[in-house]
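Visitor: Handing you this structure, nothing more for now.
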Amino acid sequence: MPSTQWREVFLPDERTHHAEQVHVFSELQRKRLKKHGHGRALHRNQVAALKAALAVEENLPDYARQGIFAAPAVYEAHVRLSNGNFSADRAPDIRGFAIKVLGASTPSSAGVEQNFTLVSQETLNVRGSADVVGIVDLSTSAPGAALRKAAMKPQLTRSAVANVRDMVKPFSGFATHDFFSIMPITFGDYAARLKLGAASTKINKAARKDLAADIYGRLADDDLEFLFQAQFFEDESRTPIEDSSVRWDAPWLTVARLRLPRQAPDEALAETVEKSSFNPWIAATEHRPLGELMRARQAAYALSWRNRGVSN
């Protein structure tokens, strides 16, 4: 059964290290800004901007009726689909599925904006934020510098290789792939990882050539519905809070459904979504992100906002 006995681990001098780490992302963003103009450091390439609705399920168990899932409701939402590092849809990559729930209500507040950020991998093979920053630095360095860094940090290189193996697995498209939060968030006093279950099993072999054409082609014909699921913390051995490399051993519970109505590309919506921040720290008090990796992301997001000129 879900447990409230989860614990976060705070590292010595953690905030100082996180403040130092953001300079790697700042430099990456600066280089890309110079080459391509304003934009994000990661998940820069917006594949699609979509209107959506998040419909909370009825008759949820008590432990799941938390925050915006406390009672059945339907909330307006915006969705941003993205490639992680590359603009080419064919390239191996980590795809992003970000959801901004608008005007939600929780037991503690009303008019809440709740952001969820999910990716096409269930786990991330790193020991913490220092590894993530090291891999980003390694992958964006010139070949000679990258080789020197790899030789000095063999463990980091092994971690990078393991993550690349996950990235090169076939990606069938945003409608037919599952997406995950990797790290957990709070569900009131509980904690859970999140999953967005694929809306369709009908694979379009041409999707990998043009991901936007695939999703908009499907939405020209019919609505799409994804299962929004939570996997609750049970104990540290099977559902570790801090270890992003472990696939949790606990059941998934459908807590809501994300509905994408029939729609065509909308330039005004695309601009609005591109200028928005999709940040898991923009959240109801009942759904704050958990873990050292997420606390490091909080510092990185703040810097990205400033560099992009985004207010929130």
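Naming works like this for the structure tokens: A, B, ... for the chains as they're shown, residue 1 at the start of each chain, ligands 1 onward in shown order.
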Which of region 56-109 of chain A end up as strand (DSSP E) when DSSP is run on this backbone - answer as a ChimeraX atom specification?

Guide: /A:56,74-83,95-106,109

Visitor: Could you turn the residues from that selection into a file that holds N, CA, C and O atoms, as a compact mmCIF listing (two decimals), in the first residue's frame?

Guide:
```txt
# COMPACT_ATOMS: atom_id res chain seq x y z
N VAL A 56 -10.19 14.72 -14.23
CA VAL A 56 -9.87 13.93 -13.04
C VAL A 56 -10.89 12.80 -12.89
O VAL A 56 -12.09 13.01 -13.03
N VAL A 74 -12.87 18.87 -14.64
CA VAL A 74 -12.21 18.97 -15.95
C VAL A 74 -11.54 20.33 -16.04
O VAL A 74 -12.20 21.36 -15.88
N TYR A 75 -10.24 20.33 -16.29
CA TYR A 75 -9.46 21.57 -16.33
C TYR A 75 -8.91 21.82 -17.73
O TYR A 75 -8.42 20.89 -18.40
N GLU A 76 -8.94 23.06 -18.16
CA GLU A 76 -8.30 23.44 -19.41
C GLU A 76 -6.79 23.31 -19.25
O GLU A 76 -6.23 23.54 -18.17
N ALA A 77 -6.12 22.97 -20.34
CA ALA A 77 -4.66 22.80 -20.29
C ALA A 77 -4.03 23.14 -21.63
O ALA A 77 -4.70 23.12 -22.67
N HIS A 78 -2.75 23.46 -21.59
CA HIS A 78 -1.93 23.60 -22.79
C HIS A 78 -0.86 22.52 -22.76
O HIS A 78 -0.36 22.17 -21.69
N VAL A 79 -0.50 22.02 -23.93
CA VAL A 79 0.50 20.97 -24.05
C VAL A 79 1.61 21.45 -24.99
O VAL A 79 1.32 22.04 -26.04
N ARG A 80 2.84 21.19 -24.59
CA ARG A 80 4.00 21.47 -25.46
C ARG A 80 4.73 20.16 -25.70
O ARG A 80 5.20 19.51 -24.76
N LEU A 81 4.85 19.78 -26.98
CA LEU A 81 5.62 18.60 -27.37
C LEU A 81 6.95 19.07 -27.93
O LEU A 81 7.00 20.05 -28.68
N SER A 82 8.03 18.37 -27.58
CA SER A 82 9.35 18.89 -27.97
C SER A 82 10.36 17.78 -28.18
O SER A 82 10.24 16.67 -27.65
N ASN A 83 11.39 18.09 -28.96
CA ASN A 83 12.60 17.30 -29.02
C ASN A 83 13.57 17.84 -27.98
O ASN A 83 13.59 19.04 -27.71
N ARG A 95 12.37 12.90 -25.89
CA ARG A 95 11.23 13.75 -26.27
C ARG A 95 10.51 14.25 -25.01
O ARG A 95 10.44 13.55 -24.00
N GLY A 96 9.96 15.45 -25.10
CA GLY A 96 9.28 16.04 -23.96
C GLY A 96 7.79 16.21 -24.19
O GLY A 96 7.35 16.57 -25.29
N PHE A 97 7.00 15.92 -23.15
CA PHE A 97 5.55 16.10 -23.19
C PHE A 97 5.22 16.92 -21.94
O PHE A 97 5.14 16.39 -20.84
N ALA A 98 5.06 18.24 -22.11
CA ALA A 98 4.84 19.14 -20.98
C ALA A 98 3.39 19.59 -20.96
O ALA A 98 2.79 19.89 -22.00
N ILE A 99 2.81 19.62 -19.77
CA ILE A 99 1.39 19.94 -19.59
C ILE A 99 1.26 21.10 -18.61
O ILE A 99 1.83 21.06 -17.52
N LYS A 100 0.52 22.12 -19.01
CA LYS A 100 0.23 23.25 -18.13
C LYS A 100 -1.28 23.25 -17.87
O LYS A 100 -2.07 23.55 -18.76
N VAL A 101 -1.66 22.86 -16.64
CA VAL A 101 -3.07 22.84 -16.25
C VAL A 101 -3.45 24.22 -15.74
O VAL A 101 -2.79 24.78 -14.86
N LEU A 102 -4.51 24.78 -16.29
CA LEU A 102 -4.89 26.17 -16.00
C LEU A 102 -6.11 26.23 -15.08
O LEU A 102 -7.08 25.50 -15.27
N GLY A 103 -6.05 27.09 -14.09
CA GLY A 103 -7.21 27.34 -13.24
C GLY A 103 -7.71 26.15 -12.47
O GLY A 103 -8.91 25.97 -12.28
N ALA A 104 -6.79 25.32 -11.99
CA ALA A 104 -7.19 24.15 -11.21
C ALA A 104 -7.54 24.55 -9.78
O ALA A 104 -7.20 25.65 -9.31
N SER A 105 -8.22 23.65 -9.09
CA SER A 105 -8.56 23.88 -7.69
C SER A 105 -8.01 22.75 -6.84
O SER A 105 -7.96 21.60 -7.28
N THR A 106 -7.61 23.08 -5.62
CA THR A 106 -7.14 22.08 -4.67
C THR A 106 -7.81 22.37 -3.32
O THR A 106 -8.42 23.43 -3.14
N SER A 109 -6.37 25.77 -2.20
CA SER A 109 -6.38 26.99 -3.01
C SER A 109 -7.19 26.79 -4.29
O SER A 109 -7.48 25.67 -4.69
```

Visitor: Could you list, as an mmCIF file with N, CA and C atoms, in the first residue's frame, every residue within 8 Å of region 184-191 of chain A, counting only C-alpha atoms and ignoring same-chain residues fewer than 4 positions away?

Guide:
```cif
data_model
loop_
_atom_site.group_PDB
_atom_site.id
_atom_site.type_symbol
_atom_site.label_atom_id
_atom_site.label_comp_id
_atom_site.auth_asym_id
_atom_site.auth_seq_id
_atom_site.Cartn_x
_atom_site.Cartn_y
_atom_site.Cartn_z
ATOM 1 N N PRO A 2 0.372 2.354 -0.570
ATOM 2 C CA PRO A 2 1.129 3.608 -0.510
ATOM 3 C C PRO A 2 1.448 4.004 0.920
ATOM 4 N N SER A 3 2.611 4.605 1.093
ATOM 5 C CA SER A 3 3.094 4.991 2.416
ATOM 6 C C SER A 3 3.452 6.477 2.424
ATOM 7 N N THR A 4 3.332 7.086 3.591
ATOM 8 C CA THR A 4 3.755 8.484 3.762
ATOM 9 C C THR A 4 5.147 8.576 4.369
ATOM 10 N N TRP A 6 8.099 8.397 3.144
ATOM 11 C CA TRP A 6 9.176 8.740 2.226
ATOM 12 C C TRP A 6 10.053 9.840 2.817
ATOM 13 N N TYR A 63 -5.988 7.897 -0.795
ATOM 14 C CA TYR A 63 -4.607 8.352 -0.896
ATOM 15 C C TYR A 63 -4.335 9.112 -2.195
ATOM 16 N N ALA A 64 -5.152 8.887 -3.225
ATOM 17 C CA ALA A 64 -4.961 9.573 -4.509
ATOM 18 C C ALA A 64 -5.760 10.865 -4.618
ATOM 19 N N GLN A 66 -5.804 13.900 -3.802
ATOM 20 C CA GLN A 66 -4.930 14.929 -3.258
ATOM 21 C C GLN A 66 -4.741 16.038 -4.291
ATOM 22 N N GLY A 67 -4.564 17.262 -3.815
ATOM 23 C CA GLY A 67 -4.267 18.371 -4.712
ATOM 24 C C GLY A 67 -5.335 18.547 -5.771
ATOM 25 N N PHE A 232 2.643 5.162 -6.700
ATOM 26 C CA PHE A 232 2.873 5.703 -5.368
ATOM 27 C C PHE A 232 4.036 5.029 -4.635
ATOM 28 N N PHE A 233 4.739 5.858 -3.863
ATOM 29 C CA PHE A 233 5.819 5.365 -2.993
ATOM 30 C C PHE A 233 5.258 4.354 -2.002
ATOM 31 N N ILE A 241 13.024 7.324 -3.563
ATOM 32 C CA ILE A 241 12.732 8.720 -3.896
ATOM 33 C C ILE A 241 13.857 9.365 -4.698
ATOM 34 N N GLU A 286 0.375 20.882 -2.871
ATOM 35 C CA GLU A 286 0.251 19.434 -2.684
ATOM 36 C C GLU A 286 1.077 18.628 -3.681
ATOM 37 N N HIS A 287 1.668 19.297 -4.687
ATOM 38 C CA HIS A 287 2.358 18.567 -5.758
ATOM 39 C C HIS A 287 3.767 19.097 -6.030
ATOM 40 N N ARG A 288 4.536 19.369 -4.997
ATOM 41 C CA ARG A 288 5.884 19.890 -5.239
ATOM 42 C C ARG A 288 6.820 18.765 -5.684
ATOM 43 N N PRO A 289 7.790 19.064 -6.552
ATOM 44 C CA PRO A 289 8.763 18.063 -6.995
ATOM 45 C C PRO A 289 9.640 17.578 -5.832
ATOM 46 N N LEU A 290 10.103 16.342 -5.943
ATOM 47 C CA LEU A 290 10.916 15.732 -4.896
ATOM 48 C C LEU A 290 12.272 15.288 -5.447
ATOM 49 N N GLY A 291 13.293 15.353 -4.605
ATOM 50 C CA GLY A 291 14.596 14.810 -4.939
ATOM 51 C C GLY A 291 15.631 15.859 -5.302
#
```

Visitor: Which residue, A:Arg127, A:Arg247, A:Arg44, A:Arg218, has the smallest gap to Lys275 (chain A) when you use only C-alpha atoms?

Guide: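 Among the listed residues, the smallest separation from Lys275 (chain A) belongs to A:Arg44.
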
Visitor: In Å, with one decimal, what is the gap from CA of Asp62 (chain A) to CA of Glu122 (chain A)?

Guide: 26.0 Å

Visitor: Ranking A:Asp93, A:Asp243, A:Asp214, A:Asp221 by minimum distance to Arg193 (chain A) and counting only C-alpha atoms, which one comes first?

Guide: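 Closest candidate: A:Asp243.
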
Visitor: Have a look at A:Ala49, A:Met167, A:Leu196, A:Ala230 and name the one nearest to Leu118 (chain A); count only C-alpha atoms.

Guide: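 Distance minimum relative to Leu118 (chain A) lands on A:Leu196.
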
Visitor: Could you pull out the residues in region 36-206 of chain A that DSSP calls alpha helix (DSSP H) from the backbone, as an MDAnalysis selection string?

Guide: chainID A and resid 36 129:140 143:152 154:167

Visitor: Skipping near chain neighbours, those fewer than 2 positions away, what residues fall within 9 Å of region 249-259 of chain A using only C-alpha atoms, listed as a PyMOL selection string?

Guide: chain A and resi 1-2+51-58+60+64-65+69+72+77+194-196+223-234+238-239+246-247+261
